[in-house]
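Take a look at the structure set out below.
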Amino acid sequence: MSQYRIAVIVGSLRKDSFNKKLATALSRLGPADFSFETSRIDDLPLYNQDDDANPADSVKRLKGEITSAHGLLFVTPEYNRSIPGVLKNALDHGSRPYGKSVWNNKPAGVIGASIGAMGTALAQQHLRNVLAYLNTPVLGQPEAFVHAKEGLFDTDGNIGSASRDFLQGWMDRYADWIRQHAA
Ligand code: FNR
């Protein structure tokens with residue numbers, strides 16, 4: 001059994017999402033004692049504070065998955081220079097009721113791919129702001145702004161040769177970060 005269970009949260013719902021593929025390929029670079037499981041966010045209702053006392057089953061499921069994980073991996077595209085609304089919605093759900101946030105003290109890494117040359121830099125910065133408020137310790141370095149272009153993945157869905165060493169290095173530092181911070 002894996003010693004470190006990681007809840008992966010992907011900010012794109014698109015079937016052929018580069019970020020979904022990136023999450024899968026990254027999980028294959030993880031150490032043997034890490035397991036990666038994607039947490040669904042596509043079936044969460046829009047957050048409404050009126051529902052705090054009576055959350056939907058999908059909200060309870062998400063919160064349970066985050067609570068039982070040792071760490072978090074956010075893999076997100078950039079939408080209009082920020083994070084997609086579906087990701088913010090998931091973050092808002094997990095943060096409430098007040099004082100019961102599931103994000104508190106949960107170590108995390110942030111990464112993302114975009115077809116733009118800046119590779120989600122601005123979305124990641126916005127996400128870091130939110131996670132700082134939520135008291136989620138996020139790996140600072142290395143940063144990884146992944147440009148989704150030809151060759152990023154090989155035919156088996158692994159990271160292609162041009163980016164493999166860099167992203168393996170990122171994963172190694174991420175794993176160190178989780179080991180240091182996991183309760
Ligand atoms: C985008 N895209 C985009 N790219 C970028 O680098 N910066 C941006 O601000 C935006 N904004 C944006 C808004 C919206 C609504 C869409 C649909 C797209 C392009 C984006 O990088 C591209 O669609 C990626 O393929 C999205 O990631 P997934 O879905 O492939 O994971």
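If you're wondering about the labels, chains in the structure tokens are A, B, ... by order shown, residues count from 1 in each chain, ligands from 1 in order shown.
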Legend entry - Within 9 Å of Ser39 in chain A using only C-alpha atoms, minus same-chain residues under 6 positions, as a list in words: Ala7, Val8, Ile9, Val10, Arg61, Leu62, Glu65 and Ile66 of chain A
Output N, CA and C atoms for every residue in the selection just made, as a short mmCIF file (atom, residue, chain, number, x, y, z; two decimals), in the first residue's frame.
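Saved the output as part00.cif:
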```cif
data_model
loop_
_atom_site.label_atom_id
_atom_site.label_comp_id
_atom_site.auth_asym_id
_atom_site.auth_seq_id
_atom_site.Cartn_x
_atom_site.Cartn_y
_atom_site.Cartn_z
N ALA A 7 -4.21 13.45 -3.69
CA ALA A 7 -5.44 13.82 -4.40
C ALA A 7 -5.06 14.81 -5.50
N VAL A 8 -5.36 14.42 -6.74
CA VAL A 8 -5.03 15.26 -7.90
C VAL A 8 -6.28 16.04 -8.30
N ILE A 9 -6.12 17.34 -8.50
CA ILE A 9 -7.26 18.16 -8.90
C ILE A 9 -6.89 18.85 -10.22
N VAL A 10 -7.64 18.50 -11.25
CA VAL A 10 -7.37 19.02 -12.59
C VAL A 10 -8.38 20.12 -12.91
N ARG A 61 -18.17 13.96 -0.89
CA ARG A 61 -17.15 13.05 -1.46
C ARG A 61 -15.82 13.78 -1.62
N LEU A 62 -15.87 14.99 -2.25
CA LEU A 62 -14.63 15.74 -2.46
C LEU A 62 -13.94 16.01 -1.13
N GLU A 65 -12.25 12.98 0.25
CA GLU A 65 -11.02 12.61 -0.48
C GLU A 65 -9.86 13.53 -0.10
N ILE A 66 -10.15 14.80 0.04
CA ILE A 66 -9.07 15.73 0.40
C ILE A 66 -8.62 15.47 1.83
#
```
Legend entry - Residue contacts of His126 in chain A (7 Å, only C-alpha atoms) excluding same-chain residues fewer than 4 positions away, as a list in words: Ser82, Ile83, Leu122 and Val130 of chain A
Legend entry - ligand 1 neighbours within 12 Å using only C-alpha atoms and all ligand atoms, as a PyMOL selection string: chain A and resi 9-24+74-86+111-124+126+145-149
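Residue neighbourhood of range 51-58 of chain A, excluding near-sequence residues (fewer than 3 positions): Arg40, Ile41, Asp42, Asp43, Leu44, Pro45, Tyr47, Asn48, Arg61, Leu62, Lys63, Gly64, His93, Arg96, Pro97 and Tyr98 of chain A, at 10 Å, using only C-alpha atoms.
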Can you spit out the residues from that selection as a PDB file, in the first residue's frame, using N, CA and C atoms?
```
ATOM      1  N   ARG A  40     -12.815  14.106  -8.564  1.00  0.00           N
ATOM      2  CA  ARG A  40     -13.771  14.733  -9.489  1.00  0.00           C
ATOM      3  C   ARG A  40     -14.211  16.093  -8.978  1.00  0.00           C
ATOM      4  N   ILE A  41     -14.295  17.045  -9.895  1.00  0.00           N
ATOM      5  CA  ILE A  41     -14.891  18.337  -9.525  1.00  0.00           C
ATOM      6  C   ILE A  41     -15.990  18.746 -10.508  1.00  0.00           C
ATOM      7  N   ASP A  42     -16.238  17.896 -11.519  1.00  0.00           N
ATOM      8  CA  ASP A  42     -17.187  18.274 -12.573  1.00  0.00           C
ATOM      9  C   ASP A  42     -18.644  18.166 -12.134  1.00  0.00           C
ATOM     10  N   ASP A  43     -18.909  17.432 -11.066  1.00  0.00           N
ATOM     11  CA  ASP A  43     -20.302  17.257 -10.637  1.00  0.00           C
ATOM     12  C   ASP A  43     -20.643  18.052  -9.373  1.00  0.00           C
ATOM     13  N   LEU A  44     -19.761  18.962  -8.992  1.00  0.00           N
ATOM     14  CA  LEU A  44     -20.071  19.804  -7.836  1.00  0.00           C
ATOM     15  C   LEU A  44     -21.079  20.869  -8.252  1.00  0.00           C
ATOM     16  N   PRO A  45     -22.060  21.153  -7.396  1.00  0.00           N
ATOM     17  CA  PRO A  45     -22.950  22.281  -7.706  1.00  0.00           C
ATOM     18  C   PRO A  45     -22.171  23.584  -7.586  1.00  0.00           C
ATOM     19  N   TYR A  47     -21.116  26.733  -5.841  1.00  0.00           N
ATOM     20  CA  TYR A  47     -21.104  26.958  -4.397  1.00  0.00           C
ATOM     21  C   TYR A  47     -22.173  27.983  -3.996  1.00  0.00           C
ATOM     22  N   ASN A  48     -22.931  27.625  -2.960  1.00  0.00           N
ATOM     23  CA  ASN A  48     -23.953  28.512  -2.406  1.00  0.00           C
ATOM     24  C   ASN A  48     -23.893  28.359  -0.895  1.00  0.00           C
ATOM     25  N   ARG A  61     -18.166  13.962  -0.889  1.00  0.00           N
ATOM     26  CA  ARG A  61     -17.150  13.053  -1.455  1.00  0.00           C
ATOM     27  C   ARG A  61     -15.824  13.784  -1.623  1.00  0.00           C
ATOM     28  N   LEU A  62     -15.872  14.986  -2.247  1.00  0.00           N
ATOM     29  CA  LEU A  62     -14.633  15.738  -2.456  1.00  0.00           C
ATOM     30  C   LEU A  62     -13.943  16.011  -1.126  1.00  0.00           C
ATOM     31  N   LYS A  63     -14.707  16.457  -0.155  1.00  0.00           N
ATOM     32  CA  LYS A  63     -14.106  16.796   1.135  1.00  0.00           C
ATOM     33  C   LYS A  63     -13.478  15.574   1.790  1.00  0.00           C
ATOM     34  N   GLY A  64     -14.165  14.430   1.656  1.00  0.00           N
ATOM     35  CA  GLY A  64     -13.612  13.195   2.232  1.00  0.00           C
ATOM     36  C   GLY A  64     -12.302  12.815   1.559  1.00  0.00           C
ATOM     37  N   HIS A  93     -15.895  25.272  -2.183  1.00  0.00           N
ATOM     38  CA  HIS A  93     -16.619  24.192  -1.488  1.00  0.00           C
ATOM     39  C   HIS A  93     -15.784  23.618  -0.340  1.00  0.00           C
ATOM     40  N   ARG A  96     -15.347  25.562   3.237  1.00  0.00           N
ATOM     41  CA  ARG A  96     -16.477  25.900   4.107  1.00  0.00           C
ATOM     42  C   ARG A  96     -17.115  24.660   4.697  1.00  0.00           C
ATOM     43  N   PRO A  97     -17.864  24.697   5.810  1.00  0.00           N
ATOM     44  CA  PRO A  97     -18.186  25.881   6.597  1.00  0.00           C
ATOM     45  C   PRO A  97     -16.930  26.515   7.214  1.00  0.00           C
ATOM     46  N   TYR A  98     -17.047  27.768   7.573  1.00  0.00           N
ATOM     47  CA  TYR A  98     -15.938  28.504   8.156  1.00  0.00           C
ATOM     48  C   TYR A  98     -15.325  27.718   9.328  1.00  0.00           C
TER      49      TYR A  98
END
```
Inset, instruction - Using DSSP on the backbone, list every residue of range 2-182 of chain A that comes out as helix (DSSP H, G or I), and give them as an MDAnalysis selection string. - result: chainID A and resid 18:27 49:51 57:68 85:94 121:133 161:181
Inset, instruction - List the neighbours of Gln180 in chain A out to 10 Å using only C-alpha atoms; skip same-chain residues closer than 5 positions along the sequence, and give me the result as a PyMOL selection string. - result: chain A and resi 107+174-175
